[in-house]
Amino acid sequence: MADMQDPIIRIENICKTYPGGVQAVDNVSLNVDRGEFFALLGPSGCGKTTLLRMMAGFEIPTRGTLLIDGQNMADVQPNKRPVNMVFQSYAVFPHMSVAQNVGYGLKIEGRPKKEIAERVQEALDLVKLGHLGGRMPDELSGGQRQRVALARALIKRPSVLLLDEPLSALDAKLREAMQIELVRLQKTVGITFVIVTHDQDEALSMANRIAVMEQGVVKQIAGPAELYESPNCRFVADFIGKINLFDGQAKANGNGKTLVETPVLGKVEFGGDANGPVSLGVRPEKVRVSREKPSGNLLAAQGPVTDIAYYGGYSKVFVDIGAKEPVLADITNAERSMGPGFENGEKLWVSWRAEDTLVLTS
Amino acid sequence: MALLSRLRARREPIGPLDYYRKLWLRLIMIGTLIFLYGPISTLIAFSFNDSRRNIVWRGFTLKYYEKALENDELIEAFTNSLTIAFFTTIVSVILAALAAYVLWRFRFPFKAAYEGAVALPIVIPEICMGVAMMAFFARIGWPSDLPWPLSLSQITIAHIAFSFPFAAIVIRARLESFNRELGESARDLGASEARVFWDIVVPHMKPGLIAGALLSFTLSLDDFVITFFTAGPNTVTFPVKVYSMVRFSVTPEVNAASTILIGLTLVLTAIALRLQNRNNMNMQA
């Protein structure tokens, strides 16, 4: 028995090259802790699904090792692994009833009929489908089918539940409800969840930790807040949420400070040591917009409004301060009579605090 | 009133998309139906004709059915045909399912060549297949004096050889619509490759299996050319027997026997379609 403190999944230097030379996963190392809700996040083709399928055993790593619960998975067939998977298409067996679907894994284990029936009912109750055991899959909605797939995977009490884009086929309202549902479910059963998604909102709202991937490489692994507030590179900063980026040149002055010079914002001093080209970034909700020149320790610039988009709870204001792209500021419509009140073409100041600025070196 | 309004509706001008109301289209449809079913309905009608010759209608009778059923040689030929068709169907569907599964599931060298070789008998002229089969059995010295039903083995083997490609193509096409995640999901839940095949793939293949079986059965049942070359004097099948009867004269007895065959084929087709429909309804998930 592996130590309970050990990570449930340990991936070391895993590579996957497909025949034809496509490098889907490039030297990835990561750990997933016990009881964690872990997300693999990235654009399509970044290798996140390949990584998940390697955990399930449907892809063989070209190089590297994969340990689940302390056991090397190199020679373990998919049907012998202590993981279960919820597929993107749900893959509910169309010729079996809901109860037969959910009980399939136990039937293969050769469990007695009575135990299967009890555990099927338990699993269906868990996903709130307790009354639909007798239905055929074609009589279910998409959301219900997904619950069947969940129950079917959870009934085997796996060490890890793998979910491949589980919410992508659902409509927006249902997706939001299911996000909360999945988190509840994960807390109830206490099983480690590894979810693959291209939807940052999904990852941020559900996961304890997120690995952001791009072109087969893990760029950053961190909790949602850290990922959003302190991304370690331009890709992560840009992929998670919206960000305004300004190119500049950094010069470390030797006493723990760095002077960054950008054409539109002038010279700004930051902590740390960096040299060469950098990007300064700021999240739109941290940008303030005003008619008068703001005062205080702020980064500020002036320019005409190019666009205002009203989103109900907030508005997006675009101000052209001469950078590559207009600066985006999110303004909350906190009072009923408020609205942005600004007009296209109006010259406005955008400003934000120096400590809200990200200095991205890569 | 209703009649009046219907008359008025009739007089409405024919719109640009009302093709079905145009005379030329109706003529083509009727012509096609006559072309397809004229000969067959004549055959069926004259099986009830009370006359030795098949030219003039002389009243209704069932006596040629009685005669056909009392004709021991015809019954024997019919039994032979059904036996051959039965075994052909079973063997070719199993072979076809396996071939289709292998072609669908795996990647291997010369796969395209193999796939082509499986489908090739469909385009090879039957006469060539017949001659080849005859030469082949003569060359290897296949015994021709086996007891029934083994005496039908030559014909059955030949039938399997030419009908299994049809079944394989139908089953392969069915497999194309299989969601591979279903198989992976079963595997993930603990199933071995073999169990995935039986529990998940075969149920999906079922409509293809039924269609393939129906194809093999009818192909075997009415095959003349290949059978003619592989049949011995003691292994006459229904089509061969009918041919020999027709050589003397086309009697209503032949019509009666053919009508029974048509009826049988229709019933089998209806059963197969029913099974397939029920399956399709379950499969829409």
# chains A, B, ... in the order shown; residues from 1 in each chain; ligands from 1
call {"tool": "interface_residues", "arguments": {"of": "chain A", "to": "chain B", "cutoff": "6 Å", "atoms": "only C-alpha atoms", "output": "PyMOL selection string"}}
result
chain A and resi 78-79+84+91+94-95+105+137-138
call {"tool": "residues_around", "arguments": {"residues": "region 246-257 of chain A", "least_positions_apart": "6", "cutoff": "7 Å", "atoms": "only C-alpha atoms", "output": "list in words"}}
result
Glu269, Phe270, Gly271, Gly272, Asp273, Ala274, Asn275, Gly276, Pro277, Val278, Ser279, Leu280, Gly281 and Ala323 of chain A
call {"tool": "residues_around", "arguments": {"residues": "region 44-46 of chain A", "least_positions_apart": "4", "cutoff": "6 Å", "atoms": "only C-alpha atoms", "output": "list in words"}}
result
Met213, Glu214, Gln215 and Gly216 of chain A
call {"tool": "write_last_selection", "arguments": {"atoms": "N, CA and C atoms", "output": "PDB file, in the first residue's frame"}}
result
ATOM      1  N   MET A 213      -1.779  24.000 -20.285  1.00  0.00           N
ATOM      2  CA  MET A 213      -0.911  23.380 -21.288  1.00  0.00           C
ATOM      3  C   MET A 213      -0.971  24.134 -22.601  1.00  0.00           C
ATOM      4  N   GLU A 214       0.178  24.130 -23.286  1.00  0.00           N
ATOM      5  CA  GLU A 214       0.226  24.680 -24.632  1.00  0.00           C
ATOM      6  C   GLU A 214       1.206  23.856 -25.438  1.00  0.00           C
ATOM      7  N   GLN A 215       0.777  23.380 -26.586  1.00  0.00           N
ATOM      8  CA  GLN A 215       1.622  22.606 -27.499  1.00  0.00           C
ATOM      9  C   GLN A 215       2.397  21.505 -26.790  1.00  0.00           C
ATOM     10  N   GLY A 216       1.682  20.750 -25.977  1.00  0.00           N
ATOM     11  CA  GLY A 216       2.279  19.585 -25.344  1.00  0.00           C
ATOM     12  C   GLY A 216       3.093  19.869 -24.104  1.00  0.00           C
TER      13      GLY A 216
END
call {"tool": "closest_atom_pairs", "arguments": {"of": "region 138-190 of chain B", "to": "region 214-228 of chain B", "cutoff": "7 Å", "atoms": "only C-alpha atoms", "output": "JSON lines"}}
result
{"residue": "B:Ile155", "atom": "CA", "partner": "B:Thr227", "partner_atom": "CA", "distance": 5.9}
{"residue": "B:His159", "atom": "CA", "partner": "B:Ser220", "partner_atom": "CA", "distance": 5.8}
{"residue": "B:Ser163", "atom": "CA", "partner": "B:Ser216", "partner_atom": "CA", "distance": 5.2}
{"residue": "B:Phe164", "atom": "CA", "partner": "B:Ser216", "partner_atom": "CA", "distance": 6.8}
{"residue": "B:Ala167", "atom": "CA", "partner": "B:Ser216", "partner_atom": "CA", "distance": 6.7}
call {"tool": "atom_distance", "arguments": {"atom1": "CA of Arg174 (chain B)", "atom2": "CA of Lys206 (chain B)"}}
result
8.8 Å
call {"tool": "atom_distance", "arguments": {"atom1": "CA of Ser97 (chain A)", "atom2": "CA of Arg152 (chain A)"}}
result
11.9 Å
call {"tool": "select_by_dssp", "arguments": {"residues": "region 76-316 of chain A", "states": "strand (DSSP E)", "output": "MDAnalysis selection string"}}
result
chainID A and resid 83:86 160:164 192:197 209:214 217:222 244:252 257:262 266:271 276:282 288:290 298:310 314:316
call {"tool": "closest_residue", "arguments": {"among": "B:Ala173, B:Leu17, B:Val102, B:Trp142", "to": "Ile157 (chain B)", "atoms": "only C-alpha atoms"}}
result
B:Trp142
call {"tool": "residues_around", "arguments": {"residues": "Leu69 (chain B)", "least_positions_apart": "6", "cutoff": "12 Å", "atoms": "only C-alpha atoms", "output": "number ranges by chain"}}
result
B: 62-63, 75-79, 253-254, 256-258, 260
call {"tool": "write_last_selection", "arguments": {"atoms": "C-alpha atoms", "output": "CSV table (one decimal), in the first residue's frame"}}
result
chain,number,residue,atom,x,y,z
B,62,LEU,CA,-54.9,-24.3,-57.0
B,63,LYS,CA,-54.1,-27.6,-58.7
B,75,ILE,CA,-39.5,-30.6,-53.3
B,76,GLU,CA,-36.1,-32.2,-53.1
B,77,ALA,CA,-34.5,-29.4,-55.0
B,78,PHE,CA,-36.3,-26.9,-52.9
B,79,THR,CA,-35.1,-28.6,-49.7
B,253,GLU,CA,-46.4,-25.7,-62.0
B,254,VAL,CA,-43.2,-23.7,-62.4
B,256,ALA,CA,-46.6,-22.0,-58.6
B,257,ALA,CA,-43.2,-23.1,-57.3
B,258,SER,CA,-41.7,-19.7,-58.1
B,260,ILE,CA,-44.0,-20.0,-53.2
call {"tool": "residues_around", "arguments": {"residues": "Arg175 (chain A)", "least_positions_apart": "2", "cutoff": "12 Å", "atoms": "only C-alpha atoms", "output": "list in words"}}
result
Gly142, Gly143, Gln146, Glu165, Pro166, Leu167, Ser168, Ala169, Leu170, Asp171, Ala172, Lys173, Ala177, Met178, Gln179, Ile180, Glu181, Leu182, Asp199, Asp201, Glu202, Ser205 and Met206 of chain A
call {"tool": "select_by_dssp", "arguments": {"residues": "region 37-280 of chain B", "states": "alpha helix (DSSP H)", "output": "PyMOL selection string"}}
result
chain B and resi 37-46+63-70+72-105+111-119+126-140+153-176+180-188+193-196+202-221+225-230+238-248+252-280
call {"tool": "residues_around", "arguments": {"residues": "Arg53 (chain B)", "least_positions_apart": "2", "cutoff": "10 Å", "atoms": "only C-alpha atoms", "output": "PyMOL selection string"}}
result
chain B and resi 46+49-51+55-58+249-252
call {"tool": "write_last_selection", "arguments": {"atoms": "N, CA and C atoms", "output": "CSV table (one decimal), in the first residue's frame"}}
result
chain,number,residue,atom,x,y,z
B,46,PHE,N,-50.6,-16.2,-63.3
B,46,PHE,CA,-50.8,-17.5,-64.1
B,46,PHE,C,-50.5,-18.7,-63.3
B,49,ASN,N,-53.7,-20.2,-63.0
B,49,ASN,CA,-54.5,-20.3,-64.2
B,49,ASN,C,-54.8,-21.8,-64.5
B,50,ASP,N,-56.0,-22.1,-64.8
B,50,ASP,CA,-56.5,-23.5,-65.0
B,50,ASP,C,-56.2,-23.8,-66.5
B,51,SER,N,-55.0,-23.9,-66.9
B,51,SER,CA,-54.6,-24.3,-68.3
B,51,SER,C,-53.2,-24.8,-68.3
B,55,ILE,N,-50.9,-18.9,-71.6
B,55,ILE,CA,-51.1,-17.8,-72.6
B,55,ILE,C,-52.5,-17.2,-72.3
B,56,VAL,N,-53.5,-18.1,-72.1
B,56,VAL,CA,-54.9,-17.5,-72.0
B,56,VAL,C,-55.4,-17.9,-70.6
B,57,TRP,N,-56.1,-17.0,-70.0
B,57,TRP,CA,-56.7,-17.2,-68.7
B,57,TRP,C,-57.9,-18.1,-68.8
B,58,ARG,N,-58.0,-19.2,-68.1
B,58,ARG,CA,-59.1,-20.1,-68.2
B,58,ARG,C,-59.7,-20.4,-66.8
B,249,SER,N,-41.2,-27.2,-71.1
B,249,SER,CA,-42.3,-26.3,-71.3
B,249,SER,C,-42.5,-25.5,-70.1
B,250,VAL,N,-43.0,-24.3,-70.2
B,250,VAL,CA,-43.3,-23.5,-69.0
B,250,VAL,C,-44.7,-23.8,-68.6
B,251,THR,N,-44.7,-24.6,-67.6
B,251,THR,CA,-46.0,-25.0,-67.1
B,251,THR,C,-46.4,-24.2,-65.9
B,252,PRO,N,-47.7,-24.0,-65.5
B,252,PRO,CA,-48.1,-23.3,-64.4
B,252,PRO,C,-47.5,-23.9,-63.1
call {"tool": "closest_residue", "arguments": {"among": "A:Cys233, A:Ile9, A:Leu204, A:Leu185", "to": "Val359 (chain A)", "atoms": "only C-alpha atoms"}}
result
A:Cys233
call {"tool": "atom_distance", "arguments": {"atom1": "CA of Ser159 (chain A)", "atom2": "CA of Val76 (chain A)"}}
result
15.0 Å
call {"tool": "residues_around", "arguments": {"residues": "Pro165 (chain B)", "least_positions_apart": "2", "cutoff": "9 Å", "atoms": "only C-alpha atoms", "output": "PyMOL selection string"}}
result
chain B and resi 92+96+118-122+160-163+167-170
call {"tool": "decode", "arguments": {"residues": "region 215-261 of chain B", "atoms": "N, CA and C atoms", "output": "PDB file, in the first residue's frame"}}
result
ATOM      1  N   LEU B 215     -29.091 -10.878 -47.218  1.00  0.00           N
ATOM      2  CA  LEU B 215     -28.415 -10.836 -48.514  1.00  0.00           C
ATOM      3  C   LEU B 215     -27.853 -12.208 -48.876  1.00  0.00           C
ATOM      4  N   SER B 216     -27.103 -12.796 -47.953  1.00  0.00           N
ATOM      5  CA  SER B 216     -26.498 -14.099 -48.219  1.00  0.00           C
ATOM      6  C   SER B 216     -27.572 -15.126 -48.543  1.00  0.00           C
ATOM      7  N   PHE B 217     -28.656 -15.094 -47.753  1.00  0.00           N
ATOM      8  CA  PHE B 217     -29.707 -16.094 -47.923  1.00  0.00           C
ATOM      9  C   PHE B 217     -30.328 -15.994 -49.313  1.00  0.00           C
ATOM     10  N   THR B 218     -30.697 -14.780 -49.714  1.00  0.00           N
ATOM     11  CA  THR B 218     -31.356 -14.645 -51.012  1.00  0.00           C
ATOM     12  C   THR B 218     -30.367 -14.878 -52.154  1.00  0.00           C
ATOM     13  N   LEU B 219     -29.132 -14.420 -51.985  1.00  0.00           N
ATOM     14  CA  LEU B 219     -28.124 -14.662 -53.029  1.00  0.00           C
ATOM     15  C   LEU B 219     -27.953 -16.161 -53.247  1.00  0.00           C
ATOM     16  N   SER B 220     -27.874 -16.903 -52.146  1.00  0.00           N
ATOM     17  CA  SER B 220     -27.664 -18.335 -52.233  1.00  0.00           C
ATOM     18  C   SER B 220     -28.897 -19.028 -52.803  1.00  0.00           C
ATOM     19  N   LEU B 221     -30.056 -18.588 -52.332  1.00  0.00           N
ATOM     20  CA  LEU B 221     -31.291 -19.274 -52.711  1.00  0.00           C
ATOM     21  C   LEU B 221     -31.543 -19.220 -54.209  1.00  0.00           C
ATOM     22  N   ASP B 222     -31.251 -18.084 -54.843  1.00  0.00           N
ATOM     23  CA  ASP B 222     -31.628 -17.965 -56.251  1.00  0.00           C
ATOM     24  C   ASP B 222     -30.430 -18.052 -57.189  1.00  0.00           C
ATOM     25  N   ASP B 223     -29.256 -18.430 -56.648  1.00  0.00           N
ATOM     26  CA  ASP B 223     -28.111 -18.484 -57.546  1.00  0.00           C
ATOM     27  C   ASP B 223     -28.245 -19.639 -58.531  1.00  0.00           C
ATOM     28  N   PHE B 224     -27.984 -19.325 -59.790  1.00  0.00           N
ATOM     29  CA  PHE B 224     -28.058 -20.369 -60.809  1.00  0.00           C
ATOM     30  C   PHE B 224     -26.679 -20.707 -61.365  1.00  0.00           C
ATOM     31  N   VAL B 225     -25.948 -19.684 -61.795  1.00  0.00           N
ATOM     32  CA  VAL B 225     -24.745 -19.911 -62.590  1.00  0.00           C
ATOM     33  C   VAL B 225     -23.702 -20.738 -61.830  1.00  0.00           C
ATOM     34  N   ILE B 226     -23.317 -20.230 -60.642  1.00  0.00           N
ATOM     35  CA  ILE B 226     -22.277 -20.920 -59.886  1.00  0.00           C
ATOM     36  C   ILE B 226     -22.752 -22.298 -59.448  1.00  0.00           C
ATOM     37  N   THR B 227     -24.025 -22.360 -59.060  1.00  0.00           N
ATOM     38  CA  THR B 227     -24.583 -23.642 -58.630  1.00  0.00           C
ATOM     39  C   THR B 227     -24.538 -24.662 -59.758  1.00  0.00           C
ATOM     40  N   PHE B 228     -24.877 -24.205 -60.949  1.00  0.00           N
ATOM     41  CA  PHE B 228     -24.934 -25.080 -62.116  1.00  0.00           C
ATOM     42  C   PHE B 228     -23.595 -25.780 -62.333  1.00  0.00           C
ATOM     43  N   PHE B 229     -22.516 -25.050 -62.085  1.00  0.00           N
ATOM     44  CA  PHE B 229     -21.185 -25.609 -62.318  1.00  0.00           C
ATOM     45  C   PHE B 229     -20.719 -26.507 -61.186  1.00  0.00           C
ATOM     46  N   THR B 230     -21.234 -26.266 -59.977  1.00  0.00           N
ATOM     47  CA  THR B 230     -20.753 -27.043 -58.831  1.00  0.00           C
ATOM     48  C   THR B 230     -21.718 -28.148 -58.433  1.00  0.00           C
ATOM     49  N   ALA B 231     -22.914 -28.187 -59.048  1.00  0.00           N
ATOM     50  CA  ALA B 231     -23.901 -29.195 -58.669  1.00  0.00           C
ATOM     51  C   ALA B 231     -23.608 -30.518 -59.368  1.00  0.00           C
ATOM     52  N   GLY B 232     -23.822 -31.606 -58.630  1.00  0.00           N
ATOM     53  CA  GLY B 232     -23.719 -32.926 -59.231  1.00  0.00           C
ATOM     54  C   GLY B 232     -25.106 -33.402 -59.642  1.00  0.00           C
ATOM     55  N   PRO B 233     -25.197 -34.595 -60.211  1.00  0.00           N
ATOM     56  CA  PRO B 233     -26.494 -35.117 -60.647  1.00  0.00           C
ATOM     57  C   PRO B 233     -27.456 -35.320 -59.476  1.00  0.00           C
ATOM     58  N   ASN B 234     -26.922 -35.566 -58.292  1.00  0.00           N
ATOM     59  CA  ASN B 234     -27.796 -35.820 -57.149  1.00  0.00           C
ATOM     60  C   ASN B 234     -28.005 -34.598 -56.265  1.00  0.00           C
ATOM     61  N   THR B 235     -27.443 -33.481 -56.692  1.00  0.00           N
ATOM     62  CA  THR B 235     -27.580 -32.288 -55.870  1.00  0.00           C
ATOM     63  C   THR B 235     -28.171 -31.164 -56.701  1.00  0.00           C
ATOM     64  N   VAL B 236     -29.422 -31.340 -57.052  1.00  0.00           N
ATOM     65  CA  VAL B 236     -30.105 -30.326 -57.843  1.00  0.00           C
ATOM     66  C   VAL B 236     -30.731 -29.310 -56.906  1.00  0.00           C
ATOM     67  N   THR B 237     -30.538 -28.022 -57.220  1.00  0.00           N
ATOM     68  CA  THR B 237     -31.180 -26.992 -56.402  1.00  0.00           C
ATOM     69  C   THR B 237     -32.404 -26.474 -57.141  1.00  0.00           C
ATOM     70  N   PHE B 238     -33.167 -25.647 -56.446  1.00  0.00           N
ATOM     71  CA  PHE B 238     -34.418 -25.163 -57.005  1.00  0.00           C
ATOM     72  C   PHE B 238     -34.246 -24.421 -58.334  1.00  0.00           C
ATOM     73  N   PRO B 239     -33.350 -23.432 -58.405  1.00  0.00           N
ATOM     74  CA  PRO B 239     -33.212 -22.741 -59.695  1.00  0.00           C
ATOM     75  C   PRO B 239     -32.784 -23.675 -60.824  1.00  0.00           C
ATOM     76  N   VAL B 240     -31.886 -24.609 -60.518  1.00  0.00           N
ATOM     77  CA  VAL B 240     -31.427 -25.536 -61.549  1.00  0.00           C
ATOM     78  C   VAL B 240     -32.581 -26.432 -62.001  1.00  0.00           C
ATOM     79  N   LYS B 241     -33.397 -26.857 -61.028  1.00  0.00           N
ATOM     80  CA  LYS B 241     -34.542 -27.724 -61.337  1.00  0.00           C
ATOM     81  C   LYS B 241     -35.552 -26.980 -62.217  1.00  0.00           C
ATOM     82  N   VAL B 242     -35.813 -25.720 -61.828  1.00  0.00           N
ATOM     83  CA  VAL B 242     -36.756 -24.919 -62.606  1.00  0.00           C
ATOM     84  C   VAL B 242     -36.254 -24.775 -64.037  1.00  0.00           C
ATOM     85  N   TYR B 243     -34.963 -24.552 -64.161  1.00  0.00           N
ATOM     86  CA  TYR B 243     -34.376 -24.411 -65.493  1.00  0.00           C
ATOM     87  C   TYR B 243     -34.618 -25.661 -66.324  1.00  0.00           C
ATOM     88  N   SER B 244     -34.393 -26.813 -65.693  1.00  0.00           N
ATOM     89  CA  SER B 244     -34.558 -28.043 -66.467  1.00  0.00           C
ATOM     90  C   SER B 244     -36.023 -28.280 -66.815  1.00  0.00           C
ATOM     91  N   MET B 245     -36.949 -27.858 -65.906  1.00  0.00           N
ATOM     92  CA  MET B 245     -38.370 -27.998 -66.211  1.00  0.00           C
ATOM     93  C   MET B 245     -38.774 -27.089 -67.353  1.00  0.00           C
ATOM     94  N   VAL B 246     -38.232 -25.883 -67.348  1.00  0.00           N
ATOM     95  CA  VAL B 246     -38.608 -24.895 -68.354  1.00  0.00           C
ATOM     96  C   VAL B 246     -38.116 -25.311 -69.730  1.00  0.00           C
ATOM     97  N   ARG B 247     -37.064 -26.091 -69.740  1.00  0.00           N
ATOM     98  CA  ARG B 247     -36.520 -26.490 -71.034  1.00  0.00           C
ATOM     99  C   ARG B 247     -37.529 -27.291 -71.848  1.00  0.00           C
ATOM    100  N   PHE B 248     -38.415 -28.009 -71.133  1.00  0.00           N
ATOM    101  CA  PHE B 248     -39.459 -28.735 -71.875  1.00  0.00           C
ATOM    102  C   PHE B 248     -40.638 -27.841 -72.148  1.00  0.00           C
ATOM    103  N   SER B 249     -41.207 -27.239 -71.114  1.00  0.00           N
ATOM    104  CA  SER B 249     -42.275 -26.272 -71.342  1.00  0.00           C
ATOM    105  C   SER B 249     -42.508 -25.497 -70.057  1.00  0.00           C
ATOM    106  N   VAL B 250     -42.958 -24.259 -70.218  1.00  0.00           N
ATOM    107  CA  VAL B 250     -43.256 -23.458 -69.042  1.00  0.00           C
ATOM    108  C   VAL B 250     -44.652 -23.819 -68.578  1.00  0.00           C
ATOM    109  N   THR B 251     -44.729 -24.625 -67.558  1.00  0.00           N
ATOM    110  CA  THR B 251     -46.049 -25.020 -67.053  1.00  0.00           C
ATOM    111  C   THR B 251     -46.392 -24.157 -65.852  1.00  0.00           C
ATOM    112  N   PRO B 252     -47.679 -24.047 -65.548  1.00  0.00           N
ATOM    113  CA  PRO B 252     -48.076 -23.293 -64.351  1.00  0.00           C
ATOM    114  C   PRO B 252     -47.473 -23.885 -63.079  1.00  0.00           C
ATOM    115  N   GLU B 253     -47.026 -25.102 -63.147  1.00  0.00           N
ATOM    116  CA  GLU B 253     -46.375 -25.706 -61.987  1.00  0.00           C
ATOM    117  C   GLU B 253     -45.117 -24.918 -61.603  1.00  0.00           C
ATOM    118  N   VAL B 254     -44.352 -24.532 -62.618  1.00  0.00           N
ATOM    119  CA  VAL B 254     -43.162 -23.715 -62.375  1.00  0.00           C
ATOM    120  C   VAL B 254     -43.571 -22.383 -61.756  1.00  0.00           C
ATOM    121  N   ASN B 255     -44.651 -21.817 -62.309  1.00  0.00           N
ATOM    122  CA  ASN B 255     -45.157 -20.561 -61.748  1.00  0.00           C
ATOM    123  C   ASN B 255     -45.498 -20.720 -60.281  1.00  0.00           C
ATOM    124  N   ALA B 256     -46.174 -21.794 -59.963  1.00  0.00           N
ATOM    125  CA  ALA B 256     -46.601 -22.019 -58.584  1.00  0.00           C
ATOM    126  C   ALA B 256     -45.386 -22.120 -57.677  1.00  0.00           C
ATOM    127  N   ALA B 257     -44.405 -22.906 -58.098  1.00  0.00           N
ATOM    128  CA  ALA B 257     -43.204 -23.072 -57.275  1.00  0.00           C
ATOM    129  C   ALA B 257     -42.491 -21.736 -57.089  1.00  0.00           C
ATOM    130  N   SER B 258     -42.412 -20.955 -58.175  1.00  0.00           N
ATOM    131  CA  SER B 258     -41.740 -19.656 -58.083  1.00  0.00           C
ATOM    132  C   SER B 258     -42.497 -18.730 -57.141  1.00  0.00           C
ATOM    133  N   THR B 259     -43.833 -18.788 -57.230  1.00  0.00           N
ATOM    134  CA  THR B 259     -44.631 -17.927 -56.360  1.00  0.00           C
ATOM    135  C   THR B 259     -44.373 -18.257 -54.897  1.00  0.00           C
ATOM    136  N   ILE B 260     -44.276 -19.558 -54.595  1.00  0.00           N
ATOM    137  CA  ILE B 260     -43.977 -19.951 -53.217  1.00  0.00           C
ATOM    138  C   ILE B 260     -42.633 -19.359 -52.786  1.00  0.00           C
ATOM    139  N   LEU B 261     -41.676 -19.412 -53.692  1.00  0.00           N
ATOM    140  CA  LEU B 261     -40.347 -18.879 -53.383  1.00  0.00           C
ATOM    141  C   LEU B 261     -40.396 -17.372 -53.123  1.00  0.00           C
TER     142      LEU B 261
END
